[in-house]
Amino acid sequence: MAYDKFTVLTSTAVPLPTDNVDTDQIIPARFLKATERVGFGDNLFRDWRYDVEGNPKKDFVLNDPTYSGKILLSGRNFGSGSSREHAVWALYDYGFRCVVSSFFADIFKNNCLNIGVLPVTVSPQFADKLLEKITANPAETITVDIPSQKITLDSTGESESFDINEYKKDNMQNGFDDIDYLLSMSEEIDAFASDK
Amino acid sequence: MEKTTLFDKIWDAHVVKSVPSGPDVFFIDKHFIHEVTSPVAFLNLETRGIGVKNPSRTIATPDHNVPTVDQDKTIKDKLSRMQVERLRENCAKYGIELHDLGSAHHGIVHVIGPELGITQPGMTIVCGDSHTSTHGAFGAIAFGIGTSEVEMVLATQCIMQSKAKKMRINIDGIAGKGVTSKDLILYVIAQISASGATGYFVEYAGTAIQSLSMEARMTVCNMSIEMGARGGLIAPDETTFDYLKGKKYAPQGEDWDKTVAYWKTLKTDEGAVFDKEYHFDAADIEPMITYGTNPGMGIKIVGNIPTTEGMEGSNKTSYLKSLAYMGFEPGEAIKGKKVDFVFVGSCTNGRIEDIRSVAEFVKGHKKADNITAWIVPGSREVEKMAHEEGLVKILEEAGFELRQPGCSACLAMNDDKIPSGKYAVSTSNRNFEGRQGPGARTMLASPLTVAAVAVRGEICDPREVFQN
């Protein structure tokens, strides 16, 4: 469904320098039982965030008031495993609009773009730099600029460009999803399907 | 003429339109849905005021959250019950074929599709589940999608995706005794890592792949996603055609011959180029097991857990975090580790051949006292065959508990959870933290290895336990 437009985002960030964060960690399977898209943010990183009694685990970054923001800085191979879009719903619902990593899992990346969370792939060196700077100074901001496809560490001006195809870029800036586009092609699809 | 791969042939034949500087509008032949990733898609259709474009191309079954006992009774868990009821309502409302709990063809979506002959060569198949790659065993392009895409397929029979890069994984030669298709794929994932095929669609080829049964091929393709691939496929051949012949939804009569003639054209041209290619020798592969928290962390059972030599930064931190979760030390042997649970089931290894192999090996043995052994057939059909062939009796005598079909302890959405801190050797596909229950420690292995572990009560080499 439609989401809030995304053009330029300047925000502090939350560092999570773990590799291979799979979607079972982002949202465990037992929290996938809703029939509506509500409340997923409460269970984001559930088992890293809370102990079995439901008490916040002090050493997990989302429970550390020092760090906050709309950008999540993650390790390599973020979002691997299950195709559950609920993982991205949980990130969006919690307040993240952008995830930065040097490497994303494929289905996760598609799911992000479909609901308005921007996956930004940067070089491993730049990912490390961002993690290091944000960890040392939580007040640092990062600017993610879709029109110019650029991510910048604001205090130093260091930046990198990132890939996003023109179609998705346009969607993100307008808050569009794919269904409207597909519905507008109804006749072409029917013609194509007639010999299938 | 341009030399093309099997993946190119099927993909290109399903592109309705390529959006300039964007993805392809990609036509979907078959769409499987289940209770967990479909309700929000249906809800969104209602909000938009649109319906299901072609209900005959969608097939439904509840599998992820269903209990594996008392399936004839009302589901106790309120949220699970609501999801299953919502699936029933949506299927009834839009005229979608549903294989409901208790019906003759109920089961895990990736088990019943092939069983019914719905899955066929040359098709494009999607489902809101990453193990949709299983269907690639038939020479189909099959992959997992998110709920937004489930909605797209319901509304338009298309999704929007960019074509993946192409990878071929060749396994030639003859695998040794005690080495199953599960070991082949665990070996490949350990070699190229849990992200080594990200961005690619994989074709599996070579004599060791060709010699596999359809069910064994499904195990291989099933785990394509565990190395990051969008999917994996195997060119159809006589093994494929023999499997499909006579299946309920397979072409019949004259139609069959015509269709098989088309299926025979579905192969990669000699000389076609892949973006990446690997070659492995089946003779190098031994029974495998995982020791960490992603499927790339696998070793031969007779091997040692890798040390941290050469690792640094987040790579090393993540590795040690993973071992700490598992309660293992770098460099130690995996053999001899105590185990608490074994699980035979899932879309990876919950088919009849898997159950036969476990039964054959535990026949006349008893499970060790420290082991709780669950066996969950992938479908009602598998369950029925297991009874008819006398396998259930053998397994029960060995101390295994047979449950009813579903995804069960593979992802522990129902009550089939491994308790925190306990070790499970499992035929499923993921050893992620908490995958089989909060705090559960999962080690992935073949059905044969699971049978050996059940008998010995600790990690062991099946070749030592079952001499023949």
# chains A, B, ... in the order shown; residues from 1 in each chain; ligands from 1
call {"tool": "residues_around", "arguments": {"residues": "region 137-147 of chain B", "least_positions_apart": "2", "cutoff": "8 Å", "atoms": "only C-alpha atoms", "output": "CSV table (one decimal) with N, CA and C atoms, in the first residue's frame"}}
result
chain,number,residue,atom,x,y,z
A,83,SER,N,11.4,-14.9,3.4
A,83,SER,CA,10.9,-13.8,2.6
A,83,SER,C,9.9,-12.9,3.3
A,84,ARG,N,9.7,-13.1,4.6
A,84,ARG,CA,8.6,-12.4,5.3
A,84,ARG,C,8.7,-10.9,5.2
A,85,GLU,N,7.7,-10.3,4.6
A,85,GLU,CA,7.7,-8.8,4.4
A,85,GLU,C,7.5,-8.2,5.8
A,107,ILE,N,15.7,-10.8,-1.5
A,107,ILE,CA,14.2,-10.7,-1.3
A,107,ILE,C,13.9,-9.6,-0.4
A,111,ASN,N,11.5,-6.3,-0.9
A,111,ASN,CA,10.4,-6.0,0.0
A,111,ASN,C,10.5,-4.6,0.6
B,6,LEU,N,18.8,-22.2,-19.5
B,6,LEU,CA,17.4,-22.6,-19.2
B,6,LEU,C,16.7,-21.5,-18.5
B,7,PHE,N,17.4,-20.8,-17.6
B,7,PHE,CA,16.8,-19.7,-16.9
B,7,PHE,C,16.4,-18.6,-17.8
B,10,ILE,N,13.1,-19.5,-19.8
B,10,ILE,CA,11.8,-19.5,-19.1
B,10,ILE,C,11.5,-18.0,-18.7
B,11,TRP,N,12.5,-17.3,-18.2
B,11,TRP,CA,12.3,-15.9,-17.8
B,11,TRP,C,11.8,-15.1,-19.0
B,37,THR,N,1.4,-15.4,5.1
B,37,THR,CA,1.8,-14.2,4.3
B,37,THR,C,0.8,-13.7,3.3
B,38,SER,N,-0.5,-14.3,3.4
B,38,SER,CA,-1.5,-13.8,2.5
B,38,SER,C,-2.6,-12.9,3.0
B,40,VAL,N,-2.8,-10.1,4.7
B,40,VAL,CA,-2.6,-8.6,4.5
B,40,VAL,C,-2.8,-8.3,3.0
B,41,ALA,N,-2.4,-9.2,2.2
B,41,ALA,CA,-2.5,-9.0,0.7
B,41,ALA,C,-4.0,-8.9,0.3
B,119,THR,N,3.1,-28.4,-10.1
B,119,THR,CA,4.5,-27.9,-10.5
B,119,THR,C,4.9,-28.6,-11.7
B,120,GLN,N,5.3,-27.8,-12.8
B,120,GLN,CA,5.7,-28.5,-14.0
B,120,GLN,C,6.8,-27.7,-14.7
B,121,PRO,N,7.6,-28.4,-15.5
B,121,PRO,CA,8.7,-27.7,-16.2
B,121,PRO,C,8.3,-26.5,-17.0
B,122,GLY,N,9.2,-25.5,-17.0
B,122,GLY,CA,8.9,-24.3,-17.8
B,122,GLY,C,8.0,-23.2,-17.2
B,123,MET,N,7.5,-23.5,-16.0
B,123,MET,CA,6.5,-22.6,-15.4
B,123,MET,C,7.3,-21.5,-14.6
B,124,THR,N,6.5,-20.5,-14.3
B,124,THR,CA,7.0,-19.5,-13.3
B,124,THR,C,6.0,-19.7,-12.1
B,125,ILE,N,6.7,-19.9,-10.9
B,125,ILE,CA,5.9,-20.2,-9.7
B,125,ILE,C,6.4,-19.3,-8.6
B,126,VAL,N,5.5,-18.7,-7.9
B,126,VAL,CA,5.9,-17.9,-6.7
B,126,VAL,C,5.0,-18.2,-5.5
B,127,CYS,N,5.5,-17.8,-4.4
B,127,CYS,CA,4.7,-18.0,-3.1
B,127,CYS,C,5.4,-17.1,-2.1
B,128,GLY,N,4.6,-16.6,-1.2
B,128,GLY,CA,5.1,-15.8,-0.1
B,128,GLY,C,5.9,-16.7,0.9
B,129,ASP,N,6.9,-17.3,0.4
B,129,ASP,CA,7.8,-18.2,1.2
B,129,ASP,C,9.1,-18.4,0.5
B,130,SER,N,10.2,-18.2,1.1
B,130,SER,CA,11.5,-18.3,0.4
B,130,SER,C,11.8,-19.7,-0.1
B,131,HIS,N,11.2,-20.7,0.5
B,131,HIS,CA,11.5,-22.0,0.0
B,131,HIS,C,10.7,-22.5,-1.2
B,132,THR,N,10.1,-21.5,-1.9
B,132,THR,CA,9.4,-21.8,-3.1
B,132,THR,C,10.4,-22.3,-4.2
B,133,SER,N,11.7,-22.0,-3.9
B,133,SER,CA,12.8,-22.5,-4.8
B,133,SER,C,12.7,-24.0,-5.0
B,134,THR,N,12.1,-24.7,-4.0
B,134,THR,CA,11.9,-26.2,-4.1
B,134,THR,C,11.4,-26.6,-5.5
B,135,HIS,N,10.5,-25.9,-6.0
B,135,HIS,CA,9.8,-26.3,-7.3
B,135,HIS,C,10.7,-26.2,-8.5
B,149,GLU,N,4.0,-8.4,-3.1
B,149,GLU,CA,4.0,-9.1,-4.4
B,149,GLU,C,2.9,-10.2,-4.4
B,150,VAL,N,2.6,-10.8,-3.3
B,150,VAL,CA,1.4,-11.7,-3.2
B,150,VAL,C,0.2,-10.9,-3.7
B,151,GLU,N,0.1,-9.7,-3.2
B,151,GLU,CA,-1.0,-8.8,-3.6
B,151,GLU,C,-1.0,-8.6,-5.1
B,214,MET,N,13.7,-37.2,-8.0
B,214,MET,CA,13.0,-35.9,-8.0
B,214,MET,C,13.0,-35.4,-6.5
B,217,ARG,N,16.3,-34.0,-5.6
B,217,ARG,CA,16.5,-32.7,-6.4
B,217,ARG,C,15.8,-31.6,-5.7
B,218,MET,N,14.6,-31.9,-5.1
B,218,MET,CA,13.8,-30.9,-4.4
B,218,MET,C,14.6,-30.4,-3.2
B,220,VAL,N,17.8,-30.2,-2.8
B,220,VAL,CA,18.9,-29.3,-3.3
B,220,VAL,C,18.3,-28.0,-3.6
B,221,CYS,N,17.3,-27.9,-4.5
B,221,CYS,CA,16.7,-26.6,-4.9
B,221,CYS,C,16.1,-25.9,-3.8
B,230,ARG,N,18.2,-16.3,-5.5
B,230,ARG,CA,16.7,-16.0,-5.6
B,230,ARG,C,16.0,-17.4,-5.7
B,231,GLY,N,16.7,-18.3,-6.5
B,231,GLY,CA,16.1,-19.6,-6.7
B,231,GLY,C,17.1,-20.5,-7.3
B,232,GLY,N,16.7,-21.8,-7.5
B,232,GLY,CA,17.6,-22.7,-8.2
B,232,GLY,C,16.8,-23.7,-9.0
B,233,LEU,N,17.3,-24.1,-10.1
B,233,LEU,CA,16.6,-25.0,-11.0
B,233,LEU,C,17.5,-26.1,-11.5
B,234,ILE,N,16.8,-27.2,-12.0
B,234,ILE,CA,17.5,-28.3,-12.6
B,234,ILE,C,16.7,-28.6,-13.9
B,235,ALA,N,17.5,-28.8,-15.0
B,235,ALA,CA,16.8,-29.1,-16.3
B,235,ALA,C,16.0,-30.4,-16.2
B,236,PRO,N,14.7,-30.4,-16.7
B,236,PRO,CA,13.9,-31.6,-16.6
B,236,PRO,C,14.5,-32.7,-17.5
B,240,THR,N,12.2,-36.5,-14.3
B,240,THR,CA,11.1,-35.5,-14.1
B,240,THR,C,9.8,-36.0,-14.7
B,266,LEU,N,13.6,-27.8,-22.8
B,266,LEU,CA,14.0,-26.9,-21.7
B,266,LEU,C,15.3,-27.3,-21.2
call {"tool": "closest_atom_pairs", "arguments": {"of": "chain A", "to": "chain B", "cutoff": "9 Å", "atoms": "only C-alpha atoms", "output": "JSON lines"}}
result
{"residue": "A:Met1", "atom": "CA", "partner": "B:Asn44", "partner_atom": "CA", "distance": 7.0}
{"residue": "A:Pro17", "atom": "CA", "partner": "B:Ser314", "partner_atom": "CA", "distance": 6.5}
{"residue": "A:Thr18", "atom": "CA", "partner": "B:Ser318", "partner_atom": "CA", "distance": 5.8}
{"residue": "A:Asp19", "atom": "CA", "partner": "B:Ser318", "partner_atom": "CA", "distance": 5.9}
{"residue": "A:Asn20", "atom": "CA", "partner": "B:Asn294", "partner_atom": "CA", "distance": 7.7}
{"residue": "A:Asp22", "atom": "CA", "partner": "B:Phe432", "partner_atom": "CA", "distance": 7.4}
{"residue": "A:Asp24", "atom": "CA", "partner": "B:Arg435", "partner_atom": "CA", "distance": 6.7}
{"residue": "A:Gln25", "atom": "CA", "partner": "B:Glu433", "partner_atom": "CA", "distance": 7.2}
{"residue": "A:Pro28", "atom": "CA", "partner": "B:Arg435", "partner_atom": "CA", "distance": 7.4}
{"residue": "A:Ala29", "atom": "CA", "partner": "B:Met413", "partner_atom": "CA", "distance": 5.7}
{"residue": "A:Arg30", "atom": "CA", "partner": "B:Met413", "partner_atom": "CA", "distance": 4.8}
{"residue": "A:Phe31", "atom": "CA", "partner": "B:Met413", "partner_atom": "CA", "distance": 8.3}
{"residue": "A:Leu32", "atom": "CA", "partner": "B:Val36", "partner_atom": "CA", "distance": 6.7}
{"residue": "A:Lys33", "atom": "CA", "partner": "B:Leu79", "partner_atom": "CA", "distance": 5.7}
{"residue": "A:Ala34", "atom": "CA", "partner": "B:Leu79", "partner_atom": "CA", "distance": 6.8}
{"residue": "A:Thr35", "atom": "CA", "partner": "B:Pro39", "partner_atom": "CA", "distance": 5.3}
{"residue": "A:Glu36", "atom": "CA", "partner": "B:Val40", "partner_atom": "CA", "distance": 5.5}
{"residue": "A:Arg37", "atom": "CA", "partner": "B:Val40", "partner_atom": "CA", "distance": 6.5}
{"residue": "A:Asp47", "atom": "CA", "partner": "B:Pro438", "partner_atom": "CA", "distance": 7.2}
{"residue": "A:Val52", "atom": "CA", "partner": "B:Pro438", "partner_atom": "CA", "distance": 8.1}
{"residue": "A:Gly75", "atom": "CA", "partner": "B:Ser314", "partner_atom": "CA", "distance": 7.4}
{"residue": "A:Arg76", "atom": "CA", "partner": "B:Ser314", "partner_atom": "CA", "distance": 8.6}
{"residue": "A:Asn77", "atom": "CA", "partner": "B:Ser195", "partner_atom": "CA", "distance": 6.6}
{"residue": "A:Ser80", "atom": "CA", "partner": "B:Gly228", "partner_atom": "CA", "distance": 6.9}
{"residue": "A:Gly81", "atom": "CA", "partner": "B:Glu226", "partner_atom": "CA", "distance": 6.6}
{"residue": "A:Ser82", "atom": "CA", "partner": "B:Ser130", "partner_atom": "CA", "distance": 5.4}
{"residue": "A:Ser83", "atom": "CA", "partner": "B:Ser130", "partner_atom": "CA", "distance": 5.0}
{"residue": "A:Arg84", "atom": "CA", "partner": "B:Gly146", "partner_atom": "CA", "distance": 5.9}
{"residue": "A:Glu85", "atom": "CA", "partner": "B:Gly146", "partner_atom": "CA", "distance": 5.0}
{"residue": "A:His86", "atom": "CA", "partner": "B:Thr147", "partner_atom": "CA", "distance": 8.2}
{"residue": "A:Phe103", "atom": "CA", "partner": "B:Ser195", "partner_atom": "CA", "distance": 8.9}
{"residue": "A:Phe104", "atom": "CA", "partner": "B:Thr198", "partner_atom": "CA", "distance": 8.3}
{"residue": "A:Ala105", "atom": "CA", "partner": "B:Thr198", "partner_atom": "CA", "distance": 6.3}
{"residue": "A:Asp106", "atom": "CA", "partner": "B:Gly199", "partner_atom": "CA", "distance": 6.1}
{"residue": "A:Ile107", "atom": "CA", "partner": "B:Ile145", "partner_atom": "CA", "distance": 6.7}
{"residue": "A:Phe108", "atom": "CA", "partner": "B:Gly146", "partner_atom": "CA", "distance": 8.2}
{"residue": "A:Asn110", "atom": "CA", "partner": "B:Gly146", "partner_atom": "CA", "distance": 8.0}
{"residue": "A:Asn111", "atom": "CA", "partner": "B:Gly146", "partner_atom": "CA", "distance": 5.8}
{"residue": "A:Asn114", "atom": "CA", "partner": "B:Ser148", "partner_atom": "CA", "distance": 6.6}
{"residue": "A:Ile115", "atom": "CA", "partner": "B:Ser148", "partner_atom": "CA", "distance": 7.6}
{"residue": "A:Asn165", "atom": "CA", "partner": "B:Gly22", "partner_atom": "CA", "distance": 5.6}
{"residue": "A:Glu166", "atom": "CA", "partner": "B:Ser21", "partner_atom": "CA", "distance": 5.5}
{"residue": "A:Tyr167", "atom": "CA", "partner": "B:Gly22", "partner_atom": "CA", "distance": 5.0}
{"residue": "A:Lys168", "atom": "CA", "partner": "B:Gly22", "partner_atom": "CA", "distance": 7.2}
{"residue": "A:Asp177", "atom": "CA", "partner": "B:Ser148", "partner_atom": "CA", "distance": 8.7}
{"residue": "A:Asp178", "atom": "CA", "partner": "B:Met160", "partner_atom": "CA", "distance": 7.2}
{"residue": "A:Ile179", "atom": "CA", "partner": "B:Met152", "partner_atom": "CA", "distance": 5.8}
{"residue": "A:Leu182", "atom": "CA", "partner": "B:Thr156", "partner_atom": "CA", "distance": 6.6}
{"residue": "A:Leu183", "atom": "CA", "partner": "B:Thr156", "partner_atom": "CA", "distance": 6.6}
{"residue": "A:Met185", "atom": "CA", "partner": "B:Thr156", "partner_atom": "CA", "distance": 8.8}
{"residue": "A:Ser186", "atom": "CA", "partner": "B:Thr156", "partner_atom": "CA", "distance": 7.1}
{"residue": "A:Glu188", "atom": "CA", "partner": "B:Val16", "partner_atom": "CA", "distance": 7.4}
{"residue": "A:Ile189", "atom": "CA", "partner": "B:Val16", "partner_atom": "CA", "distance": 6.5}
{"residue": "A:Phe192", "atom": "CA", "partner": "B:Val16", "partner_atom": "CA", "distance": 6.3}
{"residue": "A:Ala193", "atom": "CA", "partner": "B:Phe27", "partner_atom": "CA", "distance": 7.9}
{"residue": "A:Lys196", "atom": "CA", "partner": "B:Asp29", "partner_atom": "CA", "distance": 7.8}
call {"tool": "atom_distance", "arguments": {"atom1": "CA of Glu187 (chain A)", "atom2": "CA of Ser18 (chain B)"}}
result
15.5 Å
call {"tool": "select_by_dssp", "arguments": {"residues": "region 23-181 of chain A", "states": "helix (DSSP H, G or I)", "output": "compact mmCIF listing (two decimals) with N, CA and C atoms, in the first residue's frame"}}
result
# COMPACT_ATOMS: atom_id res chain seq x y z
N THR A 23 16.04 -12.52 8.73
CA THR A 23 14.71 -11.94 9.03
C THR A 23 14.04 -12.63 10.22
N ASP A 24 14.53 -13.81 10.60
CA ASP A 24 14.02 -14.44 11.83
C ASP A 24 14.46 -13.62 13.06
N GLN A 25 15.61 -12.93 12.96
CA GLN A 25 16.03 -12.06 14.07
C GLN A 25 15.25 -10.75 14.03
N ILE A 26 15.03 -10.24 12.82
CA ILE A 26 14.32 -8.95 12.69
C ILE A 26 12.91 -9.10 13.25
N ALA A 29 9.32 -15.83 13.90
CA ALA A 29 8.12 -16.39 13.27
C ALA A 29 6.88 -16.33 14.16
N ARG A 30 7.09 -16.46 15.48
CA ARG A 30 5.90 -16.53 16.33
C ARG A 30 5.14 -15.20 16.40
N PHE A 31 5.76 -14.13 15.86
CA PHE A 31 5.06 -12.84 15.83
C PHE A 31 4.50 -12.52 14.44
N PHE A 40 3.75 -4.38 14.38
CA PHE A 40 4.97 -5.17 14.17
C PHE A 40 6.22 -4.53 14.79
N GLY A 41 6.22 -3.20 14.89
CA GLY A 41 7.38 -2.51 15.46
C GLY A 41 7.67 -2.93 16.89
N ASP A 42 6.64 -3.29 17.64
CA ASP A 42 6.83 -3.71 19.04
C ASP A 42 7.69 -4.97 19.14
N ASN A 43 7.66 -5.77 18.09
CA ASN A 43 8.41 -7.03 18.12
C ASN A 43 9.65 -7.02 17.25
N ARG A 46 12.84 -8.82 18.44
CA ARG A 46 12.25 -9.24 19.70
C ARG A 46 13.22 -9.99 20.64
N ASP A 47 13.87 -11.03 20.12
CA ASP A 47 14.67 -11.88 21.02
C ASP A 47 16.05 -11.30 21.33
N TRP A 48 16.44 -10.28 20.60
CA TRP A 48 17.68 -9.57 20.95
C TRP A 48 17.34 -8.41 21.89
N ARG A 49 16.10 -7.96 21.81
CA ARG A 49 15.68 -6.76 22.54
C ARG A 49 15.13 -7.08 23.93
N VAL A 61 21.24 -2.49 21.32
CA VAL A 61 21.30 -1.08 20.92
C VAL A 61 19.94 -0.37 20.90
N LEU A 62 18.86 -1.09 20.59
CA LEU A 62 17.55 -0.41 20.56
C LEU A 62 17.10 -0.02 21.98
N ASN A 63 17.72 -0.65 22.99
CA ASN A 63 17.38 -0.30 24.37
C ASN A 63 18.35 0.72 24.96
N HIS A 86 7.01 -8.98 6.73
CA HIS A 86 6.78 -8.51 8.10
C HIS A 86 8.06 -7.92 8.70
N ALA A 87 9.22 -8.40 8.26
CA ALA A 87 10.49 -7.88 8.77
C ALA A 87 10.61 -6.40 8.41
N VAL A 88 10.23 -6.06 7.19
CA VAL A 88 10.31 -4.65 6.77
C VAL A 88 9.18 -3.84 7.41
N TRP A 89 8.00 -4.46 7.54
CA TRP A 89 6.91 -3.77 8.23
C TRP A 89 7.35 -3.39 9.64
N ALA A 90 8.08 -4.31 10.31
CA ALA A 90 8.53 -4.06 11.68
C ALA A 90 9.52 -2.89 11.71
N LEU A 91 10.43 -2.86 10.74
CA LEU A 91 11.40 -1.76 10.68
C LEU A 91 10.68 -0.42 10.45
N TYR A 92 9.76 -0.42 9.49
CA TYR A 92 9.02 0.80 9.13
C TYR A 92 8.18 1.26 10.32
N ASP A 93 7.47 0.30 10.90
CA ASP A 93 6.57 0.61 12.01
C ASP A 93 7.35 1.15 13.22
N TYR A 94 8.56 0.65 13.42
CA TYR A 94 9.39 1.12 14.53
C TYR A 94 9.88 2.55 14.27
N ASP A 106 18.62 -10.51 -1.19
CA ASP A 106 17.84 -10.15 -2.36
C ASP A 106 16.35 -9.87 -2.12
N ILE A 107 15.66 -10.84 -1.53
CA ILE A 107 14.21 -10.71 -1.34
C ILE A 107 13.93 -9.55 -0.37
N PHE A 108 14.76 -9.45 0.66
CA PHE A 108 14.59 -8.37 1.64
C PHE A 108 14.66 -7.01 0.96
N LYS A 109 15.62 -6.86 0.07
CA LYS A 109 15.80 -5.58 -0.63
C LYS A 109 14.55 -5.24 -1.45
N ASN A 110 14.03 -6.24 -2.16
CA ASN A 110 12.79 -6.02 -2.93
C ASN A 110 11.65 -5.62 -2.01
N ASN A 111 11.52 -6.35 -0.90
CA ASN A 111 10.43 -6.04 0.04
C ASN A 111 10.55 -4.61 0.56
N CYS A 112 11.77 -4.17 0.85
CA CYS A 112 12.00 -2.80 1.34
C CYS A 112 11.45 -1.79 0.33
N LEU A 113 11.88 -1.96 -0.91
CA LEU A 113 11.50 -1.00 -1.95
C LEU A 113 9.99 -1.02 -2.20
N ASN A 114 9.37 -2.16 -1.95
CA ASN A 114 7.92 -2.25 -2.18
C ASN A 114 7.11 -1.52 -1.12
N ILE A 115 7.68 -1.29 0.06
CA ILE A 115 6.87 -0.62 1.08
C ILE A 115 7.48 0.69 1.58
N PRO A 124 32.16 -1.55 1.73
CA PRO A 124 32.46 -2.01 3.09
C PRO A 124 33.24 -0.95 3.89
N GLN A 125 34.10 -0.20 3.22
CA GLN A 125 34.90 0.83 3.91
C GLN A 125 33.99 1.94 4.42
N PHE A 126 33.06 2.38 3.58
CA PHE A 126 32.17 3.47 3.99
C PHE A 126 31.21 2.98 5.08
N ALA A 127 30.78 1.73 4.97
CA ALA A 127 29.90 1.16 6.02
C ALA A 127 30.64 1.17 7.36
N ASP A 128 31.90 0.75 7.34
CA ASP A 128 32.69 0.74 8.58
C ASP A 128 32.87 2.15 9.12
N LYS A 129 33.14 3.09 8.22
CA LYS A 129 33.34 4.48 8.64
C LYS A 129 32.08 5.03 9.31
N LEU A 130 30.93 4.80 8.69
CA LEU A 130 29.67 5.30 9.25
C LEU A 130 29.43 4.68 10.63
N LEU A 131 29.65 3.37 10.72
CA LEU A 131 29.45 2.67 12.00
C LEU A 131 30.36 3.25 13.09
N GLU A 132 31.59 3.46 12.71
CA GLU A 132 32.59 3.97 13.65
C GLU A 132 32.20 5.37 14.13
N LYS A 133 31.86 6.25 13.20
CA LYS A 133 31.53 7.64 13.54
C LYS A 133 30.27 7.74 14.40
N ILE A 134 29.25 7.00 13.99
CA ILE A 134 27.98 7.06 14.71
C ILE A 134 28.12 6.45 16.11
N THR A 135 28.88 5.36 16.18
CA THR A 135 29.08 4.72 17.49
C THR A 135 29.81 5.69 18.43
N ALA A 136 30.80 6.38 17.92
CA ALA A 136 31.58 7.31 18.74
C ALA A 136 30.78 8.57 19.07
N GLU A 166 15.60 3.81 -11.92
CA GLU A 166 14.77 5.01 -12.14
C GLU A 166 13.32 4.78 -11.73
N TYR A 167 12.84 3.59 -12.02
CA TYR A 167 11.44 3.28 -11.73
C TYR A 167 11.18 3.32 -10.23
N LYS A 168 12.05 2.63 -9.47
CA LYS A 168 11.86 2.59 -8.01
C LYS A 168 12.14 3.96 -7.39
N LYS A 169 13.08 4.66 -7.97
CA LYS A 169 13.42 6.01 -7.49
C LYS A 169 12.19 6.91 -7.57
N ASP A 170 11.54 6.83 -8.70
CA ASP A 170 10.32 7.61 -8.91
C ASP A 170 9.23 7.20 -7.92
N ASN A 171 9.08 5.87 -7.74
CA ASN A 171 8.09 5.36 -6.78
C ASN A 171 8.36 5.90 -5.37
N MET A 172 9.60 5.80 -4.92
CA MET A 172 9.94 6.23 -3.56
C MET A 172 9.63 7.71 -3.36
N GLN A 173 9.94 8.50 -4.37
CA GLN A 173 9.75 9.95 -4.21
C GLN A 173 8.28 10.35 -4.23
N ASN A 174 7.46 9.46 -4.80
CA ASN A 174 6.03 9.78 -4.87
C ASN A 174 5.17 8.94 -3.94
N ASP A 178 3.75 -0.75 -6.68
CA ASP A 178 3.71 -1.33 -8.02
C ASP A 178 2.31 -1.65 -8.53
N ILE A 179 1.37 -1.80 -7.61
CA ILE A 179 0.05 -2.28 -8.04
C ILE A 179 -0.61 -1.30 -9.02
N ASP A 180 -0.49 -0.02 -8.72
CA ASP A 180 -1.11 0.95 -9.61
C ASP A 180 -0.55 0.82 -11.02
N TYR A 181 0.77 0.65 -11.08
CA TYR A 181 1.42 0.50 -12.38
C TYR A 181 0.89 -0.74 -13.09
call {"tool": "atom_distance", "arguments": {"atom1": "CA of Ala216 (chain B)", "atom2": "CA of Asp12 (chain B)"}}
result
27.8 Å
call {"tool": "closest_residue", "arguments": {"among": "B:Ser211, B:Ile418, B:Met443, B:Ala451", "to": "Phe400 (chain B)", "atoms": "only C-alpha atoms"}}
result
B:Ala451
call {"tool": "closest_residue", "arguments": {"among": "B:Val302, B:Ala452, B:Ala324, B:Val69", "to": "Val342 (chain B)", "atoms": "only C-alpha atoms"}}
result
B:Ala452
call {"tool": "select_by_dssp", "arguments": {"residues": "region 60-160 of chain A", "states": "strand (DSSP E)", "output": "list of chain:residue names"}}
result
A:Ile71, A:Leu72, A:Leu73, A:Ser74, A:Cys98, A:Val99, A:Val100, A:Ser101, A:Leu118, A:Pro119, A:Val120, A:Thr121, A:Ile142, A:Thr143, A:Val144, A:Asp145, A:Lys150, A:Ile151, A:Thr152, A:Leu153, A:Glu158, A:Ser159, A:Glu160
call {"tool": "write_last_selection", "arguments": {"atoms": "C-alpha atoms", "output": "JSON list (two decimals), in the first residue's frame"}}
result
[["chain", "number", "residue", "atom", "x", "y", "z"],
["A", 71, "ILE", "CA", 18.48, 5.15, 9.75],
["A", 72, "LEU", "CA", 19.72, 1.70, 10.73],
["A", 73, "LEU", "CA", 23.40, 0.97, 10.07],
["A", 74, "SER", "CA", 23.89, -2.75, 9.77],
["A", 98, "CYS", "CA", 16.46, 3.60, 5.61],
["A", 99, "VAL", "CA", 18.84, 0.67, 6.19],
["A", 100, "VAL", "CA", 22.52, 1.02, 5.25],
["A", 101, "SER", "CA", 24.69, -2.03, 4.63],
["A", 118, "LEU", "CA", 15.21, 2.55, 1.34],
["A", 119, "PRO", "CA", 18.03, -0.05, 1.29],
["A", 120, "VAL", "CA", 21.30, 1.81, 0.69],
["A", 121, "THR", "CA", 24.26, -0.32, -0.36],
["A", 142, "ILE", "CA", 23.63, 11.18, 7.90],
["A", 143, "THR", "CA", 21.83, 12.54, 4.86],
["A", 144, "VAL", "CA", 20.29, 10.17, 2.33],
["A", 145, "ASP", "CA", 19.33, 11.96, -0.86],
["A", 150, "LYS", "CA", 23.93, 10.15, -2.51],
["A", 151, "ILE", "CA", 24.58, 9.26, 1.14],
["A", 152, "THR", "CA", 26.64, 11.77, 3.16],
["A", 153, "LEU", "CA", 28.17, 11.84, 6.61],
["A", 158, "GLU", "CA", 32.26, 12.39, 3.07],
["A", 159, "SER", "CA", 29.81, 10.74, 0.71],
["A", 160, "GLU", "CA", 29.12, 7.87, -1.65]]
